[in-house]
Amino acid sequence: MSVRTKWALLALTFCLLLLPWLFKWFSAEEKKATWLWDASIIAEQTPDIISFSKEQGVDVIFLQIQDEVSDDTYRKFIASAQQAEIQVHALNGHADWAYRDKQEEGLAFIEKVKAYNAASAKNERFEGIQLDVEPYQLKRWENEQNSVIAEWSDNMKAWTKAGKDAGLNMSAAIPFWLDARESAEGGGTFSRWVIDHFDAVAIMAYRDSGQQMYDLSKEELDEADELGKKVWVGAELADTHEGDHLTFFRKSISNMDEEIAKVFDLAASHSSFAGVAVHHYEAWYAKENGIPLARKSNEEK
């Protein structure tokens with residue numbers, strides 16, 4: 001075998017070994033998700049929403065379910081999204097859904113999505129459900145945190161079972177600091193417990209620095225790597241009233257894009273990394289199109 005042939009075989013072997021990593025890196029680099037809370041806009045703005053999402057690399061939209069929006073409107077939107085290779089997941093949740101006596105409300109929501117899918121064509125169906133339940137916004141969290149975590153855990157067990165039985169991908173939006181809380185069952189972090197029960201989580205790692213967003217999500221990414229689950233790292237674009245360092249609300253588009261790109265670079269080595277989830281569509285569209293968003297007054301806080 002000539003020296004040239006040996007070098008050619010060596011180069012080919014190296015490329016084959018590198019290929020899986022490159023595929024994972026490039027596929028993760030392009031993927032984003034976004035939350036769309038005001039579902040009423042899909043009745044008139046579906047083409048704009050789909051076009052914008054496609055341009056921004058969005059392949060998952062978490063779309064809130066609202067009673068005033070008809071099933072036919074959802075069907076038309078989802079069909080358009082699927083044609084553009086964008087998944088739509090039904091979004092809902094309330095802070096008090098963590099409480100034991102609210103478990104049925106969550107189950108009723110899952111049943112509603114299940115019934116909607118059963119009555120819809122394949123290209124009109126929700127691919128999954130995302131639950132946004134944040135009991136730490138309520139007073140009870142301060143004094144009864146362990147009890148709330150226990151009730152919340154029982155509810156999540158019931159919800160994820162119901163959703164998976166219905167063939168739905170189940171995800172949850174969670175704060176980055178759940179890794180500092182212990183699971184109600186003991187033996188590990190609460191974040192690991194949540195990740196284990198859901199198919200994916202979106203970490204609300206809201207900072208105006210890509211490095212900090214990654215640092216706040218790293219433990220969850222590591223846990224999801226081990227568990228074979230998926231993690232979106234969240235970016236905030238809206239006005240939070242909790243500090244400008246938590247959002248890109250006052251930052252330039254170029255700064256925002258640079259910092260989000262850093263998240264992709266830093267998280268690329270994690271098999272669990274699903275991409276960046278941008279909160280939320282309306283704020284993102286406004287920022288990209290130079291539409292001023294009024295900062296809420298103190299009276300509106």
# chains A, B, ... in the order shown; residues from 1 in each chain; ligands from 1
>>> select_by_dssp(residues="range 19-232 of chain A", states="helix (DSSP H, G or I)", output="ChimeraX atom specification")
/A:19-29,39-55,71-83,95-98,100-118,122-124,135-137,140-143,145-165,176-180,190-197,210-227
>>> closest_atom_pairs(of="range 151-236 of chain A", to="range 121-136 of chain A", cutoff="6 Å", atoms="only C-alpha atoms", output="JSON lines")
{"residue": "A:Leu168", "atom": "CA", "partner": "A:Gly128", "partner_atom": "CA", "distance": 4.5}
{"residue": "A:Asn169", "atom": "CA", "partner": "A:Gly128", "partner_atom": "CA", "distance": 4.1}
{"residue": "A:Met170", "atom": "CA", "partner": "A:Ile129", "partner_atom": "CA", "distance": 5.2}
{"residue": "A:Ser171", "atom": "CA", "partner": "A:Gln130", "partner_atom": "CA", "distance": 4.7}
{"residue": "A:Ala172", "atom": "CA", "partner": "A:Leu131", "partner_atom": "CA", "distance": 4.8}
{"residue": "A:Ala173", "atom": "CA", "partner": "A:Asp132", "partner_atom": "CA", "distance": 5.1}
>>> residues_around(residues="range 227-239 of chain A", least_positions_apart="4", cutoff="8 Å", atoms="only C-alpha atoms", output="ChimeraX atom specification")
/A:33,195-196,198-207,213-214,217,220-221,223,246-249,260,263,271-280,283-284,295-296
>>> select_by_dssp(residues="range 122-228 of chain A", states="strand (DSSP E or B)", output="MDAnalysis selection string")
chainID A and resid 128:131 169:175 182 189 200:204
>>> write_last_selection(atoms="all heavy atoms", output="compact mmCIF listing (two decimals), in the first residue's frame")
# COMPACT_ATOMS: atom_id res chain seq x y z
N GLY A 128 -47.51 17.79 20.40
CA GLY A 128 -47.21 17.62 21.82
C GLY A 128 -47.93 18.65 22.66
O GLY A 128 -48.74 19.44 22.16
N ILE A 129 -47.59 18.63 23.93
CA ILE A 129 -48.14 19.57 24.91
C ILE A 129 -46.99 20.15 25.70
O ILE A 129 -46.06 19.43 26.09
CB ILE A 129 -49.12 18.86 25.86
CG1 ILE A 129 -50.46 18.62 25.16
CG2 ILE A 129 -49.34 19.66 27.15
CD1 ILE A 129 -51.47 17.84 25.99
N GLN A 130 -47.03 21.46 25.93
CA GLN A 130 -46.11 22.05 26.88
C GLN A 130 -46.90 22.63 28.04
O GLN A 130 -47.86 23.38 27.85
CB GLN A 130 -45.23 23.15 26.29
CG GLN A 130 -44.38 23.79 27.40
CD GLN A 130 -43.09 24.43 26.96
OE1 GLN A 130 -42.93 25.61 27.13
NE2 GLN A 130 -42.18 23.67 26.39
N LEU A 131 -46.47 22.30 29.26
CA LEU A 131 -47.10 22.80 30.48
C LEU A 131 -46.21 23.85 31.12
O LEU A 131 -45.02 23.62 31.34
CB LEU A 131 -47.34 21.64 31.45
CG LEU A 131 -48.29 20.56 30.95
CD1 LEU A 131 -48.33 19.38 31.92
CD2 LEU A 131 -49.69 21.11 30.72
N ASN A 169 -45.98 14.32 22.67
CA ASN A 169 -44.69 14.67 23.26
C ASN A 169 -44.97 15.64 24.42
O ASN A 169 -45.64 16.64 24.24
CB ASN A 169 -43.80 15.33 22.21
CG ASN A 169 -42.45 15.74 22.74
OD1 ASN A 169 -42.32 16.72 23.48
ND2 ASN A 169 -41.42 15.01 22.36
N MET A 170 -44.45 15.32 25.59
CA MET A 170 -44.74 16.13 26.78
C MET A 170 -43.51 16.92 27.21
O MET A 170 -42.44 16.35 27.44
CB MET A 170 -45.20 15.22 27.93
CG MET A 170 -46.51 14.49 27.66
SD MET A 170 -47.93 15.62 27.47
CE MET A 170 -48.07 16.25 29.15
N SER A 171 -43.69 18.23 27.31
CA SER A 171 -42.59 19.09 27.76
C SER A 171 -43.08 20.06 28.82
O SER A 171 -44.28 20.26 28.99
CB SER A 171 -41.98 19.86 26.58
OG SER A 171 -42.87 20.82 26.08
N ALA A 172 -42.12 20.64 29.54
CA ALA A 172 -42.45 21.59 30.59
C ALA A 172 -41.48 22.76 30.53
O ALA A 172 -40.30 22.59 30.23
CB ALA A 172 -42.37 20.93 31.96
N ALA A 173 -42.00 23.95 30.81
CA ALA A 173 -41.15 25.13 31.00
C ALA A 173 -40.79 25.19 32.47
O ALA A 173 -41.68 25.16 33.34
CB ALA A 173 -41.89 26.38 30.58
N ILE A 174 -39.49 25.23 32.78
CA ILE A 174 -39.06 25.22 34.18
C ILE A 174 -37.97 26.26 34.43
O ILE A 174 -37.21 26.59 33.52
CB ILE A 174 -38.54 23.83 34.62
CG1 ILE A 174 -37.30 23.42 33.81
CG2 ILE A 174 -39.64 22.78 34.49
CD1 ILE A 174 -36.63 22.14 34.31
N PRO A 175 -37.88 26.77 35.67
CA PRO A 175 -36.81 27.72 35.99
C PRO A 175 -35.48 26.99 36.12
O PRO A 175 -35.44 25.79 36.43
CB PRO A 175 -37.26 28.31 37.33
CG PRO A 175 -38.08 27.22 37.95
CD PRO A 175 -38.78 26.54 36.81
N GLU A 182 -34.40 19.65 46.05
CA GLU A 182 -34.38 18.18 46.08
C GLU A 182 -35.72 17.62 45.62
O GLU A 182 -36.78 18.18 45.91
CB GLU A 182 -34.06 17.67 47.48
CG GLU A 182 -33.86 16.16 47.55
CD GLU A 182 -33.44 15.67 48.93
OE1 GLU A 182 -33.18 16.52 49.79
OE2 GLU A 182 -33.40 14.44 49.12
N THR A 189 -31.86 15.77 42.37
CA THR A 189 -32.40 17.11 42.22
C THR A 189 -33.83 17.06 41.66
O THR A 189 -34.22 16.10 40.99
CB THR A 189 -31.55 17.96 41.27
OG1 THR A 189 -31.62 17.40 39.95
CG2 THR A 189 -30.09 17.99 41.72
N ALA A 200 -39.12 16.46 27.28
CA ALA A 200 -38.24 17.61 27.08
C ALA A 200 -38.61 18.71 28.08
O ALA A 200 -39.73 18.72 28.61
CB ALA A 200 -38.36 18.15 25.66
N VAL A 201 -37.66 19.61 28.31
CA VAL A 201 -37.93 20.78 29.13
C VAL A 201 -37.37 22.01 28.44
O VAL A 201 -36.42 21.92 27.65
CB VAL A 201 -37.33 20.67 30.55
CG1 VAL A 201 -37.98 19.55 31.34
CG2 VAL A 201 -35.82 20.50 30.50
N ALA A 202 -37.98 23.15 28.73
CA ALA A 202 -37.45 24.44 28.28
C ALA A 202 -36.99 25.18 29.54
O ALA A 202 -37.81 25.48 30.41
CB ALA A 202 -38.52 25.24 27.55
N ILE A 203 -35.70 25.43 29.63
CA ILE A 203 -35.14 26.08 30.80
C ILE A 203 -35.29 27.60 30.66
O ILE A 203 -34.79 28.19 29.71
CB ILE A 203 -33.64 25.76 30.98
CG1 ILE A 203 -33.42 24.24 30.94
CG2 ILE A 203 -33.12 26.35 32.28
CD1 ILE A 203 -34.05 23.48 32.06
N MET A 204 -35.96 28.21 31.62
CA MET A 204 -36.09 29.67 31.59
C MET A 204 -34.82 30.29 32.17
O MET A 204 -34.81 30.84 33.27
CB MET A 204 -37.35 30.08 32.37
CG MET A 204 -38.63 29.60 31.69
SD MET A 204 -40.15 30.09 32.56
CE MET A 204 -40.19 28.86 33.88
>>> atom_distance(atom1="CA of His197 in chain A", atom2="CA of Ala162 in chain A")
11.9 Å
>>> closest_atom_pairs(of="range 183-238 of chain A", to="range 256-259 of chain A", cutoff="8 Å", atoms="only C-alpha atoms", output="tab-separated table")
residue	atom	partner	partner_atom	distance
A:Asp208	CA	A:Glu259	CA	7.3
A:Ser209	CA	A:Glu259	CA	5.7
A:Gly210	CA	A:Glu259	CA	4.4
A:Gln211	CA	A:Glu259	CA	7.7
>>> residues_around(residues="Gln66 in chain A", least_positions_apart="2", cutoff="9 Å", atoms="only C-alpha atoms", output="list of chain:residue names")
A:Asp38, A:Ala39, A:Ser40, A:Gln64, A:Glu68, A:Val69, A:Ser70, A:Asn92
>>> residues_around(residues="Phe264 in chain A", least_positions_apart="2", cutoff="8 Å", atoms="only C-alpha atoms", output="PyMOL selection string")
chain A and resi 28-29+260-262+266-268+275-276
>>> atom_distance(atom1="CA of Glu144 in chain A", atom2="CA of Trp193 in chain A")
19.3 Å
>>> closest_residue(among="A:Leu138, A:Phe77, A:Lys32, A:Ile65", to="Glu44 in chain A", atoms="only C-alpha atoms")
A:Phe77
